[in-house]
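Structure file run-v2.txt (compact mmCIF, C-alpha atoms and all ligand atoms) is printed below.
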```txt
# COMPACT_ATOMS: atom_id res chain seq x y z
CA MET A 72 20.34 24.52 -6.26
CA GLN A 73 20.50 20.84 -5.43
CA LYS A 74 20.09 18.29 -8.16
CA GLY A 75 16.50 17.52 -7.20
CA GLU A 76 15.64 21.22 -7.38
CA LYS A 77 17.34 21.52 -10.73
CA ILE A 78 15.40 18.58 -12.09
CA LEU A 79 12.16 20.06 -10.77
CA ASP A 80 13.08 23.43 -12.28
CA VAL A 81 13.67 21.89 -15.69
CA ILE A 82 10.42 19.88 -15.63
CA ALA A 83 8.38 22.85 -14.38
CA ARG A 84 9.87 25.11 -17.04
CA ARG A 85 9.18 22.67 -19.84
CA SER A 86 5.66 22.07 -18.52
CA SER A 87 4.99 25.81 -18.40
CA GLY A 88 6.12 26.35 -21.95
CA PHE A 89 9.49 27.92 -21.21
CA GLU A 90 12.56 27.09 -23.23
CA VAL A 91 14.86 24.40 -21.85
CA GLU A 92 18.29 24.27 -23.45
CA GLU A 93 19.59 20.90 -24.60
CA ASP A 94 22.92 21.69 -22.94
CA GLU A 95 21.23 21.99 -19.55
CA LEU A 96 19.67 18.57 -19.95
CA ARG A 97 22.92 17.06 -21.14
CA TYR A 98 24.72 18.53 -18.16
CA LEU A 99 22.10 17.28 -15.69
CA PHE A 100 21.54 13.80 -17.05
CA ARG A 101 24.78 13.04 -18.90
CA LYS A 102 24.62 9.95 -21.07
CA LYS A 103 20.94 9.41 -20.40
CA TYR A 104 19.81 12.87 -21.37
CA LYS A 105 18.06 11.85 -24.58
CA ALA A 106 15.88 9.27 -22.87
CA VAL A 107 15.30 11.63 -19.94
CA THR A 108 14.31 14.45 -22.29
CA ARG A 109 11.57 12.29 -23.82
CA VAL A 110 10.30 11.46 -20.35
CA ILE A 111 10.29 15.11 -19.32
CA ASN A 112 8.32 15.97 -22.44
CA GLU A 113 5.83 13.27 -21.59
CA ILE A 114 5.53 14.43 -18.00
CA ALA A 115 4.93 17.96 -19.28
CA LEU A 116 2.01 16.73 -21.38
CA THR A 117 0.63 14.81 -18.42
CA ILE A 118 0.66 17.61 -15.88
CA THR A 119 -0.31 20.76 -17.80
CA GLU A 120 -2.50 21.76 -20.71
CA THR A 121 -3.19 24.90 -22.68
CA LYS A 122 -6.77 26.10 -23.10
CA ASP A 123 -7.70 29.41 -24.71
CA SER A 124 -4.05 30.45 -24.58
CA SER A 125 -3.73 30.07 -20.82
CA LEU A 126 -2.26 27.20 -18.87
CA TYR A 127 -4.03 24.72 -16.62
CA CYS A 128 -2.70 22.26 -14.07
CA LYS A 129 -3.91 18.75 -14.80
CA MET A 130 -2.85 17.57 -11.35
CA CYS A 131 -5.39 19.71 -9.48
CA GLY A 132 -7.34 21.59 -12.15
CA ALA A 133 -6.09 25.06 -11.18
CA GLY A 134 -5.77 27.63 -13.95
CA GLY A 135 -5.63 29.69 -16.14
CA PHE A 136 -2.09 30.68 -15.61
CA THR A 137 0.52 32.62 -17.48
CA LYS A 138 3.75 30.73 -18.09
CA ARG A 139 5.30 32.28 -15.01
CA GLY A 140 2.21 31.58 -12.89
CA MET A 141 2.17 27.97 -14.07
CA TYR A 142 5.83 27.56 -13.17
CA GLN A 143 5.27 28.93 -9.69
CA HIS A 144 2.19 26.80 -9.15
CA LEU A 145 4.02 23.61 -10.16
CA THR A 146 7.13 24.24 -8.08
CA ARG A 147 5.25 25.42 -4.99
CA LYS A 148 2.28 23.05 -4.95
CA HIS A 149 3.43 19.94 -6.76
CA GLY A 150 7.20 19.80 -6.35
CA LYS A 151 7.20 16.56 -4.38
CA GLU A 152 4.71 14.81 -6.66
CA ILE A 153 6.61 15.81 -9.78
CA LEU A 154 9.90 14.55 -8.39
CA LYS A 155 8.19 11.32 -7.44
CA ILE A 156 6.86 10.82 -10.96
CA MET A 157 10.35 11.51 -12.26
CA LYS A 158 11.95 9.11 -9.83
CA GLU A 159 9.61 6.32 -10.85
CA ALA A 160 10.27 7.04 -14.49
CA ARG A 161 14.01 6.89 -14.01
CA GLY A 162 13.99 3.19 -13.18
CA LEU A 163 12.48 2.64 -16.60
CA ILE A 164 14.88 5.09 -18.22
CA ASP A 165 17.81 3.06 -16.90
CA LEU A 166 16.20 -0.05 -18.28
CA SER A 167 15.57 1.48 -21.70
CA VAL A 168 19.20 2.60 -21.90
CA LYS A 169 20.34 -0.89 -21.00
CA LEU A 170 18.01 -2.51 -23.52
CA ASN A 171 18.91 0.13 -26.09
CA LEU A 172 15.21 0.69 -26.72
CA ASP A 173 13.14 3.84 -26.78
CA PHE A 174 11.70 4.71 -23.40
CA ARG A 175 8.20 4.63 -24.84
CA ILE A 176 8.60 1.00 -25.87
CA VAL A 177 9.82 0.06 -22.42
CA SER A 178 7.00 1.93 -20.74
CA ALA A 179 4.55 0.08 -23.01
CA VAL A 180 5.72 -3.27 -21.65
CA VAL A 181 6.69 -2.48 -18.06
CA GLU A 182 4.66 -0.61 -15.50
CA LYS A 183 5.71 0.58 -12.11
CA ARG A 184 2.96 0.18 -9.56
CA ASN A 185 3.30 0.74 -5.82
CA GLY A 186 7.05 0.51 -6.00
CA LYS A 187 6.97 -2.77 -7.90
CA TYR A 188 7.52 -3.51 -11.55
CA LEU A 189 4.92 -5.34 -13.53
CA CYS A 190 5.67 -7.01 -16.85
CA LYS A 191 2.65 -6.18 -18.96
CA LEU A 192 3.51 -8.91 -21.45
CA CYS A 193 2.95 -11.76 -19.03
CA GLY A 194 1.46 -10.03 -16.00
CA ARG A 195 4.22 -11.07 -13.62
CA GLU A 196 5.74 -8.89 -10.96
CA ILE A 197 9.50 -8.63 -11.40
CA ALA A 198 12.16 -7.17 -9.14
CA ARG A 199 13.89 -4.16 -10.62
CA ASN A 200 17.22 -5.87 -11.04
CA GLY A 201 15.59 -8.87 -12.72
CA LEU A 202 13.76 -6.88 -15.38
CA TYR A 203 16.51 -6.80 -17.95
CA ARG A 204 17.02 -10.53 -17.77
CA HIS A 205 13.31 -11.24 -17.75
CA LEU A 206 12.63 -9.14 -20.84
CA THR A 207 15.58 -10.38 -22.86
CA ALA A 208 15.08 -14.02 -21.87
CA LYS A 209 11.30 -14.30 -22.10
CA HIS A 210 10.09 -11.58 -24.39
CA GLU A 211 12.68 -11.05 -27.07
CA ARG A 212 10.15 -11.57 -29.84
CA GLU A 213 7.48 -9.35 -28.29
CA LEU A 214 10.05 -6.60 -27.82
CA GLU A 215 10.98 -6.84 -31.48
CA GLU A 216 7.33 -6.69 -32.47
CA GLU A 217 6.77 -3.75 -30.14
CA THR A 218 9.78 -1.97 -31.68
CA PHE A 219 8.51 -2.66 -35.19
CA ARG A 220 5.05 -1.33 -34.35
CA PHE A 221 6.58 1.72 -32.70
CA LYS A 222 8.71 2.59 -35.72
CA HIS A 223 5.86 2.22 -38.17
CA ARG A 224 3.25 4.14 -36.32
ZN ZN A 301 -2.05 22.06 -9.53
ZN ZN A 302 6.99 -10.98 -18.67
```
Turn the structure described in the file into structure tokens.
Amino acid sequence: MQKGEKILDVIARRSSGFEVEEDELRYLFRKKYKAVTRVINEIALTITETKDSSLYCKMCGAGGFTKRGMYQHLTRKHGKEILKIMKEARGLIDLSVKLNLDFRIVSAVVEKRNGKYLCKLCGREIARNGLYRHLTAKHERELEEETFRFKHR
């Protein structure tokens, strides 16, 4: 399997309710695996749901699947979309690692839209490589407040 396929496999398994070993994630994502794991868990919640003990696809509404059926549906029908979601998330993962902040805090203040990053704190569009500087230079206090709120929620 190529790396993209492995990433898809891991996301589809988690989204279908199968076990994903921490070691697998560590091997795939190295130093970033903790942040990536949170993102994968969030993606899983976004793309599938359980109703009356069967699984449904939130991307197209298909259901009710068994775990295996859900896995097959996701990998066959939505592989590209899932990898795209993951790819967009990874820009923010890198940023959260650099800022040493939880991914969820970073995704609360930065949004990726049509391939561009938007600072939700001031509404400005920022180039990817300018985000770190922008956030630390302009929004240090807001980031602290956001972190405080996050920890006490
Ligand atoms: Zn679907
Ligand atoms: Zn800003």
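Taking only C-alpha atoms and all ligand atoms into account, every polymer residue with at least one atom at most 7 Å away from ligand ZN 302 (chain A) is listed here: A:Cys190, A:Lys191, A:Leu192, A:Cys193, A:Gly194, A:Arg195, A:His205, A:Leu206, A:Lys209, A:His210.
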I want to know what sits within 12 Å of Thr207 in chain A, based on all atoms listed in the file, with residues of the same chain fewer than 5 positions away left out; could you give that as a PDB file with C-alpha atoms, keeping the file's coordinate frame?
```pdb
ATOM      1  CA  LEU A 166      16.200  -0.050 -18.280  1.00  0.00           C
ATOM      2  CA  SER A 167      15.570   1.480 -21.700  1.00  0.00           C
ATOM      3  CA  LYS A 169      20.340  -0.890 -21.000  1.00  0.00           C
ATOM      4  CA  LEU A 170      18.010  -2.510 -23.520  1.00  0.00           C
ATOM      5  CA  ASN A 171      18.910   0.130 -26.090  1.00  0.00           C
ATOM      6  CA  LEU A 172      15.210   0.690 -26.720  1.00  0.00           C
ATOM      7  CA  VAL A 177       9.820   0.060 -22.420  1.00  0.00           C
ATOM      8  CA  GLY A 201      15.590  -8.870 -12.720  1.00  0.00           C
ATOM      9  CA  LEU A 202      13.760  -6.880 -15.380  1.00  0.00           C
ATOM     10  CA  ARG A 212      10.150 -11.570 -29.840  1.00  0.00           C
ATOM     11  CA  GLU A 213       7.480  -9.350 -28.290  1.00  0.00           C
ATOM     12  CA  LEU A 214      10.050  -6.600 -27.820  1.00  0.00           C
ATOM     13  CA  GLU A 215      10.980  -6.840 -31.480  1.00  0.00           C
TER      14      GLU A 215
END
```
Environment of ligand ZN 301 (chain A) within 12 Å, counting only C-alpha atoms and all ligand atoms, reported as a PyMOL selection string: chain A and resi 83+86-87+117-120+126-136+140-153
Tell me, as a PyMOL selection string, which residues lie within 8 Å of range 108-110 of chain A, counting all atoms listed in the file; anything in the same chain fewer than 5 positions away does not count. chain A and resi 96+160+174
d(CA of Ala106 in chain A, CA of Lys138 in chain A) in Å: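 Computing the Euclidean distance for CA of Ala106 in chain A and CA of Lys138 in chain A yields 25.1 Å.
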Residue with smallest distance to Glu159 in chain A - pool A:Arg139, A:Lys183, A:Arg175, A:Lys77, counting all atoms listed in the file: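 For Glu159 in chain A, the nearest of the candidates is A:Lys183.
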Selected residue, from A:Arg204, A:Lys155, A:Arg199, A:Lys105, that lies nearest to Asp173 in chain A when counting all atoms listed in the file: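 Ranked by minimum distance to Asp173 in chain A, first place goes to A:Lys105.
CA of Leu189 in chain A sits 16.5 Å away from CA of Ile156 in chain A.
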Judged by only C-alpha atoms, the minimum distance to Gly162 in chain A among A:Asp123, A:Asp80, A:Glu182, A:Glu196 is found for A:Glu182
Between CA of Ser178 in chain A and CA of Ile164 in chain A, distance in Å (one decimal):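 Spanning CA of Ser178 in chain A to CA of Ile164 in chain A is a straight-line distance of 8.9 Å.
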Taking all atoms listed in the file into account, which of A:Met72, A:Ile82, A:Gly88, A:Met157 comes nearest Ser125 in chain A?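 Using all atoms listed in the file, Ser125 in chain A sits closest to A:Gly88.
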Just checking: using all atoms listed in the file, which residue out of A:Glu93, A:Lys158, A:Thr121, A:Thr218 ends up closest to Ile78 in chain A? A:Lys158
Among listed residues A:Ile197, A:Glu217, A:Lys122, A:Asn112, nearest Arg84 in chain A (using only C-alpha atoms): A:Asn112
